[in-house]
Structure formats: C-alpha cells, structure tokens
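Right, one structure below, let's go through it.
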Number of protein chains: 2
Amino acid sequence: MSWENNVRKVVPYVAGEQPEGKVIKLNTNEFPYAPSPMVATRIYDLAENEIKDETSMLRKYPNTNSDNLVNALSEVYNVDRDKIFVGVGSDDVLALSFLTFFNSDKPVLFPDITYSFYDVWASLFKIPFEIQPLKDDFTINKEDYFKTNGGIIIPNPNAPTGIMESREMFEEILKKNPDSVVIVDEAYVDFGADSMLPLIDKYDNLLVVQTFSKSRALAGLRIGVAFGNTKLISFLKDVKYSFNSYTINYPAIEIATAACRDTDYWKETVAKVIKTREWTKTKLKELGFEFADSKANFIFASHKTVPAEHIFTALKEKDIYVRFWNKARISNHLRITIGTDAEMEELIKSLKEIIENYA
Amino acid sequence: MSWENNVRKVVPYVAGEQPEGKVIKLNTNEFPYAPSPMVATRIYDLAENEIKDETSMLRKYPNTNSDNLVNALSEVYNVDRDKIFVGVGSDDVLALSFLTFFNSDKPVLFPDITYSFYDVWASLFKIPFEIQPLKDDFTINKEDYFKTNGGIIIPNPNAPTGIMESREMFEEILKKNPDSVVIVDEAYVDFGADSMLPLIDKYDNLLVVQTFSKSRALAGLRIGVAFGNTKLISFLKDVKYSFNSYTINYPAIEIATAACRDTDYWKETVAKVIKTREWTKTKLKELGFEFADSKANFIFASHKTVPAEHIFTALKEKDIYVRFWNKARISNHLRITIGTDAEMEELIKSLKEIIENYA
C-alpha cells in the first residue's frame, strides 16, 4: 500500500503546442488580431487608479458573480442576468457543466470526431459516455441522440470539422430529450454560424456555451460564458460556489467587460477573419485540398494526394504550426486556423512548395 | 422525470460578505495594504507593450504551467520547479487536490472547527469524511489522525482559531499515515507560523498549500500554490490538465510573478500587520475579550459577558464588518481580520462603546 493507491489517475487533455518566437501559429484557433483597443485603455486605468494604496482593488476578493461582466453580457446579448454564467474560459464552464448536469448512471452522448476534451471530463468525473459516430461526410446523424442518455453535448460549428448543423436539428434533439441537459458548445459560433441562444427560453434543458478566446481575441484572459434558463444557471452556480468562490480575477472581469461592450470592433475584426477564410478556401481548393464548408475560424482539410502528416511535418520545418491528430478517421486531415492575410498567403505559398516537392 | 434528476445538487460554501462603499472590512482576512508597487509597474508595462497590435499576448493562450510564476516561486522559496503547482487561488488548488488525492472509500479526516470549505469539497466530489473535534482549547488532538483514513487536511495556523500546531505534531501525523496524502493548508502561515515546506523532501505524502490572497495582498488576483514531491505534483497536474488546460490568465501570471519577486515589500508589510495584531490583542484583552494566541492575520475572540452575535450586529450598524458563524462550539466567537492601525483603532473604539452600552 501507499498513498498512490488513493490517487485519481487520469490521462489529461493535450492542448496544441505553444511555440515561442517568430512562427506562424495556426494550431490553436486563436484570433489573429489584437483584442479591442478598449482593453488597453481599461488596463491603463487599472494601473493608474485601482491598484495603488490601501484602496487597491487587488487586495480584496473579486465579486463572486463577476457582476460587471454579467451586466455587460446581459446588455450586449439581451439576456436576463440570471440566465448567464461566467467562468475561467469555456473549458472551466464546460468542466463544471459536466460535473453539474451529467450526474447520471446513463451515458452521456457526443460525436466521435469532436472537441477531444469531452471524454477527458467524462473520465475525470467517472461519467459513463457513449460516442456517436458522425456520418461519412462528418455531419451528425440526429437519430443517434434520440436514445436513452444522461446528457448530450454537441459543438456547433463542430470542431475540428467546422461544420454547422441546423437549428431544426437541435430543436428536434432538445424535444426528444426532456430528461437530459443538452449542451451546445458554441466556441466558434461568431464566425458565421447560427447561435441556439434564442432557444434558451423555449427549452429549459438547453445550455449554450460560448467563449472570449476566439472571436474576442482574449484566449490569454480565460473567459467563458454559459446561457440557459434561470434554474439551470442556478444549479451551475451552486456547483461553482462549491468548487471555488472566486474564479475570474478582478483585472480579468474588468478587461472582459470593456471588450464585451466594444461590439463594433468585434464585428469588424470577425468580418475580416471570415473574408480571409473564404479566400483561403479558394486557394486550398486550387491546391487540391478537400474540406467541408467551414463556419468556424479554421478549415479542416485533407489533400487528394499528399498525406496530412507529411504536410504537418513539412510546415513545421518552415515554422508554420497547424494541428494534426493521429486518430481514427481524421489522420489524413489538418486543422488550419485562419490567421492574418499575410500569414495565410505565407501558408498557401508553403503548401504549394510542399505539394510540388512531394515525390 | 426531468433533466433535474440528473443534476448534482449541492449546498455551496458561503463566503464572507463583500460590502461596497466606505466600510471597515474585517471579515474576509484580506491584507490591509496595497500589493507590491511592482504590480502597478508590471500592469503599466502590459498596457504599453504587450496588449496592442497583432503581437498581443492576450489573443494567445497563456502558458499552461504558468512557467514565469513557477520560476519566481522556485527562486524565492528555493524549491525545484517540478515540486510546485499553481492555481486560481488556494481554493482551486485545494479543490483539485481533494479530487486528485482523496480518491478512496475511506473517510478523509479534518477538524470540526476549521475552514468550512473542506466538507463542501468532500460533498461535491462524494468523498466520505469524518470530522475530528478539536480539544476544548481548540488545539488538535493528534491521535485523532492516527486511525484509518483516505486522506488528511489540517490548516496551520488553523482558521478561524489562528492557532499554530508544532512541526513535531505534523511529523508524527505524516509518519503514521504513509498510505494517505496529508495536506497542510498554510493560507495564513506568513503571519508568524512555521511552514512545513522544509518537510516536502522528507515526506513524500505531504502537500503544503499557500496563497497570494493574504500576505501578498492579492486576493483579487486569485493565485494559490502547492508544494510537494515531484510525483505528488505530477498527479495534481494531470488532474488539472483534465479539468482546464489554461487556468491562470496571462496578466495574472505576470502580475503575480512581479509581486512574488518583491520579497522586501512583502516582509515589511507583513511585519506591520503582525505589529498591529499584537497591539490589537492587548486592547481586546483590556476590553474583556478572550482568545487563543493567533499566528494569523485575524483574532478569534469571545467576550466574557457580551454575546458575539450582539457585537457582530452592533459593529455592522457602525459599518464595521467582522465574521460570525452561528455554528456549534463557535457561536459565541467573532473572527476579526487585522486591518490598518487606523481601522483597528476605530474597531476598538466601537467595541468599547458596544460593550459599555450592553445592558
């Protein structure tokens, strides 16, 4: 015997590499532009007025509910404050949601090709789960989600495929599952997909999760959001307050609030990324790549003749990082994040060379 | 049936009130002085150089291991980097430690009068626990921790009592429990108690947890630390990476790093709080209060004649907030955080009035 026998042993999620130095980083779906200029303004203001002397906001615990941020979200998204939950990135929001809502002996359902954190959370919390294979074209077979289950989670658009499913499909799944919470993980929704947010008043079992890490250019700040009916959100808050009373720190609450209110900058920069994505699609097609139509800030592509792993390695040698998984069904695919125009031009140039030089 | 049947229902921890406006706040053990001036310097620097344009550090995910902060801790505390774990306040570190190390069918042991989050975490994760009563003088009966168990957690100094236990006692408990992880929660250790940190190489089952929320004046930043042998820390990291890859955000890593390295300011301000605490002890005794000798930044006192609840309510009417629990064994005690000299003078003045006016 030893204390090691009492340890929860898990196989953790492996995030994309975070190389330092001058590389083209298209591997973790970060936003290519700076966050709102209101962010820097707010940080100056913090340094100038809210840190120094005994009135320092940092010496005190932050507001447990991140009220300023919740108020901003409530106004910008036109949702009641008690239907909003915020956490340390959508990973925190999703982990706490698994813990809160998937507390059943029946299996939780999610697609086989999807965000690879879902089975990690299920394993961590000893939640049974049953993986549902996507169709050959990587779309969802909705009937897979009509069977008995302890909860459902589906990203929309799905990652890493980028495919958006219809509101009709989600409504059907929601109607067939009044006894389960259905989480729609909308990390990438702002890049052109339809949000299920307008449905939260219609379906009391719907939780919509979003993030500031992608379209808000704030991956470094760790802000995630859940929208749902008041009862759902209050159960989630009870679990959060049983884990850690104060999660989002004071500067992060204030910075995220400032970014949240700057909707003009947000829409403008997201439109730029969408434009670059559409340009990249054309160029990738010209080079012989195939992919489903992406509504996210990435493209999940495979080449007609050159294996994905070869391209992945060759790009890395040129200091261009994309994401590759050596996993069943997707081992010939690359997930390419949409960067700036200059970065994508460099990518296309490099891909052309790699494909031409492939024996 | 309904989705509510699958919900984990919990009774969350209730944190001390966070009143706004001009009040004397002695209820959540916050540090009365501003954090290190290096904090404001680092925040200016962030705003000036690391937020704007496409090189913005905020648009990228932060370092998963908070390397800069871990390096600073390693140097300041003279501990190897792989023996250090950091999280979103010590509550995050402790919650993840419960999840990681208390994964047994046998009960976890902790005192009856202690940090009231322990039973909340145990309940959240469905961990059996068995409460061990403190002696009448609120010290620990070490034999209580020699029985079969699935883990042990004891704060030192204990909260809310402020009492420090000896290194000898902890060594005895550690030796008697080779099959359990023993967590020493040292949230308040910097205010004059002995840390068990030097023992982490001697006992591979010891985890020492500290925080930046008290002596570092950074409750608003949410930084907690655990020290332990490499194997312990690596199990804890696996669970953390199975919950949320990126927890401490980029500004918080950088601000905490700057504060951590400013040991002069830290020691100087902590000495001021200790001096104020000793002055307060004298004054409270003069007013007829009784309390164990506190080595923390608070005093846990009861009055010989005036009931604690009466004092608590009367102080609140004067906009002075202290902490009161209507719980067995401690319902006649108040936990009073050590504030600035001016705040404590105001407190003593008000207490004098309240006691004199008590019929």
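Residue numbering restarts at 1 in every chain; chains get A, B, ... in the order shown in the structure tokens, and ligands count up from 1 in that same order.
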Residue hits in chain A, query chain B, radius 6 Å, only C-alpha atoms, as number ranges by chain: A: 2-3, 6-8, 12-13, 30, 33-34, 40, 43-44, 47, 52-54, 56, 58-62, 91-92, 100-101, 103-104, 120, 179-181, 217-222, 238, 241-242, 244, 249-250
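Running DSSP on the backbone gives strand (DSSP E or B) for these residues within range 108-214 of chain B: B:Val108, B:Leu109, B:Phe110, B:Pro111, B:Phe129, B:Glu130, B:Ile131, B:Gln132, B:Gly151, B:Ile152, B:Ile153, B:Ile154, B:Pro155, B:Val182, B:Ile183, B:Val184, B:Asp185, B:Leu206, B:Leu207, B:Val208, B:Val209, B:Gln210, B:Thr211.
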With N, CA, C and O atoms kept, could you save the residues just selected as a short mmCIF file (atom, residue, chain, number, x, y, z; two decimals), in the first residue's frame?
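New file out_8.cif:
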data_model
loop_
_atom_site.label_atom_id
_atom_site.label_comp_id
_atom_site.auth_asym_id
_atom_site.auth_seq_id
_atom_site.Cartn_x
_atom_site.Cartn_y
_atom_site.Cartn_z
N VAL B 108 -11.97 10.92 4.69
CA VAL B 108 -10.98 11.98 4.85
C VAL B 108 -11.21 12.60 6.23
O VAL B 108 -12.35 12.74 6.67
N LEU B 109 -10.11 12.94 6.90
CA LEU B 109 -10.20 13.50 8.26
C LEU B 109 -9.80 14.97 8.29
O LEU B 109 -8.81 15.37 7.66
N PHE B 110 -10.61 15.76 9.00
CA PHE B 110 -10.23 17.16 9.27
C PHE B 110 -10.95 17.64 10.52
O PHE B 110 -11.92 17.01 10.96
N PRO B 111 -10.49 18.76 11.12
CA PRO B 111 -11.07 19.21 12.39
C PRO B 111 -12.52 19.69 12.25
O PRO B 111 -12.96 20.04 11.15
N PHE B 129 -16.19 11.64 4.58
CA PHE B 129 -15.31 12.36 5.51
C PHE B 129 -15.78 12.17 6.94
O PHE B 129 -16.94 11.84 7.19
N GLU B 130 -14.86 12.34 7.88
CA GLU B 130 -15.15 12.16 9.29
C GLU B 130 -14.51 13.31 10.04
O GLU B 130 -13.29 13.49 10.00
N ILE B 131 -15.34 14.08 10.70
CA ILE B 131 -14.87 15.29 11.37
C ILE B 131 -14.27 14.95 12.73
O ILE B 131 -14.83 14.15 13.47
N GLN B 132 -13.10 15.51 13.04
CA GLN B 132 -12.40 15.24 14.30
C GLN B 132 -12.50 16.46 15.21
O GLN B 132 -11.98 17.53 14.86
N GLY B 151 -7.25 10.19 3.65
CA GLY B 151 -6.56 11.47 3.46
C GLY B 151 -6.79 12.37 4.64
O GLY B 151 -7.74 12.16 5.42
N ILE B 152 -5.91 13.36 4.81
CA ILE B 152 -5.99 14.27 5.96
C ILE B 152 -5.76 15.69 5.46
O ILE B 152 -4.89 15.93 4.61
N ILE B 153 -6.55 16.62 5.96
CA ILE B 153 -6.27 18.04 5.70
C ILE B 153 -6.41 18.84 6.98
O ILE B 153 -7.43 18.72 7.69
N ILE B 154 -5.38 19.60 7.29
CA ILE B 154 -5.35 20.44 8.50
C ILE B 154 -4.73 21.78 8.13
O ILE B 154 -3.68 21.82 7.50
N PRO B 155 -5.37 22.89 8.48
CA PRO B 155 -4.76 24.19 8.24
C PRO B 155 -3.81 24.53 9.38
O PRO B 155 -4.06 24.17 10.52
N VAL B 182 -1.30 13.90 3.17
CA VAL B 182 -1.60 14.84 4.25
C VAL B 182 -1.40 16.25 3.70
O VAL B 182 -0.30 16.61 3.28
N ILE B 183 -2.50 17.02 3.65
CA ILE B 183 -2.42 18.39 3.15
C ILE B 183 -2.35 19.35 4.34
O ILE B 183 -3.20 19.30 5.22
N VAL B 184 -1.32 20.19 4.36
CA VAL B 184 -1.26 21.27 5.35
C VAL B 184 -1.61 22.56 4.61
O VAL B 184 -0.91 22.97 3.69
N ASP B 185 -2.73 23.15 5.01
CA ASP B 185 -3.26 24.34 4.35
C ASP B 185 -2.67 25.56 5.07
O ASP B 185 -3.11 25.93 6.15
N LEU B 206 3.33 14.53 1.75
CA LEU B 206 2.99 15.86 2.27
C LEU B 206 2.75 16.86 1.14
O LEU B 206 3.60 17.02 0.25
N LEU B 207 1.60 17.52 1.17
CA LEU B 207 1.33 18.63 0.25
C LEU B 207 1.11 19.89 1.08
O LEU B 207 0.27 19.92 1.98
N VAL B 208 1.90 20.92 0.80
CA VAL B 208 1.79 22.20 1.51
C VAL B 208 1.13 23.21 0.57
O VAL B 208 1.62 23.43 -0.54
N VAL B 209 0.02 23.81 1.01
CA VAL B 209 -0.72 24.73 0.15
C VAL B 209 -0.66 26.15 0.72
O VAL B 209 -0.89 26.35 1.92
N GLN B 210 -0.30 27.10 -0.11
CA GLN B 210 -0.24 28.51 0.31
C GLN B 210 -1.02 29.39 -0.68
O GLN B 210 -1.55 28.88 -1.67
N THR B 211 -1.09 30.67 -0.39
CA THR B 211 -1.91 31.57 -1.22
C THR B 211 -1.29 32.96 -1.31
O THR B 211 -0.56 33.38 -0.41
#
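Here CA of Ile336 in chain B is placed at a distance of 28.3 Å from CA of Val86 in chain B.
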Determine which residues of range 63-183 of chain A receive a DSSP assignment of helix (DSSP H, G or I), computed from the backbone, and state them as a compact mmCIF listing (two decimals) with C-alpha atoms, in the first residue's frame.
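Here's the written file result_9.txt:
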# COMPACT_ATOMS: atom_id res chain seq x y z
CA ASP A 67 -21.38 41.24 -11.87
CA ASN A 68 -19.82 43.88 -14.13
CA LEU A 69 -19.15 41.30 -16.83
CA VAL A 70 -22.56 39.66 -16.42
CA ASN A 71 -24.23 43.08 -16.75
CA ALA A 72 -22.30 43.80 -19.95
CA LEU A 73 -23.21 40.39 -21.40
CA SER A 74 -26.84 40.92 -20.40
CA GLU A 75 -26.98 44.19 -22.33
CA VAL A 76 -24.98 43.10 -25.38
CA TYR A 77 -26.80 39.74 -25.81
CA ARG A 81 -28.59 38.41 -15.86
CA ASP A 82 -29.77 35.31 -14.02
CA LYS A 83 -29.59 33.33 -17.26
CA GLY A 89 -12.61 30.03 -20.20
CA SER A 90 -15.27 27.81 -21.74
CA ASP A 91 -13.21 24.81 -20.52
CA ASP A 92 -13.99 25.82 -16.93
CA VAL A 93 -17.66 26.39 -17.81
CA LEU A 94 -17.87 23.02 -19.60
CA ALA A 95 -15.99 21.09 -16.87
CA LEU A 96 -18.36 22.49 -14.22
CA SER A 97 -21.35 21.74 -16.50
CA PHE A 98 -20.27 18.09 -16.85
CA LEU A 99 -19.98 17.92 -13.06
CA THR A 100 -23.38 19.60 -12.55
CA PHE A 101 -25.63 18.24 -15.27
CA TYR A 118 -15.29 15.76 -23.70
CA ASP A 119 -14.11 12.22 -22.98
CA VAL A 120 -11.40 13.61 -20.66
CA TRP A 121 -14.01 15.38 -18.50
CA ALA A 122 -16.25 12.32 -18.52
CA SER A 123 -13.33 10.13 -17.40
CA LEU A 124 -12.21 12.62 -14.75
CA LYS A 142 -29.55 13.16 -35.31
CA GLU A 143 -31.21 9.77 -34.57
CA ASP A 144 -28.06 8.84 -32.60
CA TYR A 145 -29.22 11.36 -29.98
CA ARG A 167 -31.40 24.92 -35.67
CA GLU A 168 -34.09 22.42 -36.71
CA MET A 169 -31.78 19.52 -35.83
CA PHE A 170 -31.03 20.95 -32.38
CA GLU A 171 -34.71 21.63 -31.75
CA GLU A 172 -35.53 18.01 -32.60
CA ILE A 173 -32.80 16.73 -30.26
CA LEU A 174 -33.98 19.08 -27.50
CA LYS A 175 -37.61 17.94 -27.88
CA LYS A 176 -36.67 14.25 -27.80
Just want the 8 Å neighbourhood of Tyr115 in chain A, counted on only C-alpha atoms, with same-chain residues fewer than 6 positions away dropped. Output as an MDAnalysis selection string. chainID A and resid 155 158:160
So which one's closest to Leu199 in chain A, A:Val23, A:Asn229, A:Phe146, A:Ala187? Using only C-alpha atoms, please. A:Asn229
Near range 343-355 of chain B, counting only C-alpha atoms, which residues have an atom at most 10 Å away, once you skip same-chain residues fewer than 3 positions from it, shown as number ranges by chain? B: 23-26, 32, 276-277, 279-280, 283-284, 286-288, 303, 305-307, 310-312, 314-315, 318, 320-322, 336-340, 358-359
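Note that CA of Thr313 in chain A and CA of Pro133 in chain A are 28.1 Å apart.
All residues of protein, DNA or RNA that reach within 6 Å of Arg323 in chain B, judged by only C-alpha atoms and not counting those fewer than 5 positions away in the chain, are Asn27, Leu334 and Arg335 of chain B.
Separating CA of Ile200 in chain B from CA of Asn78 in chain B is a distance of 12.2 Å.
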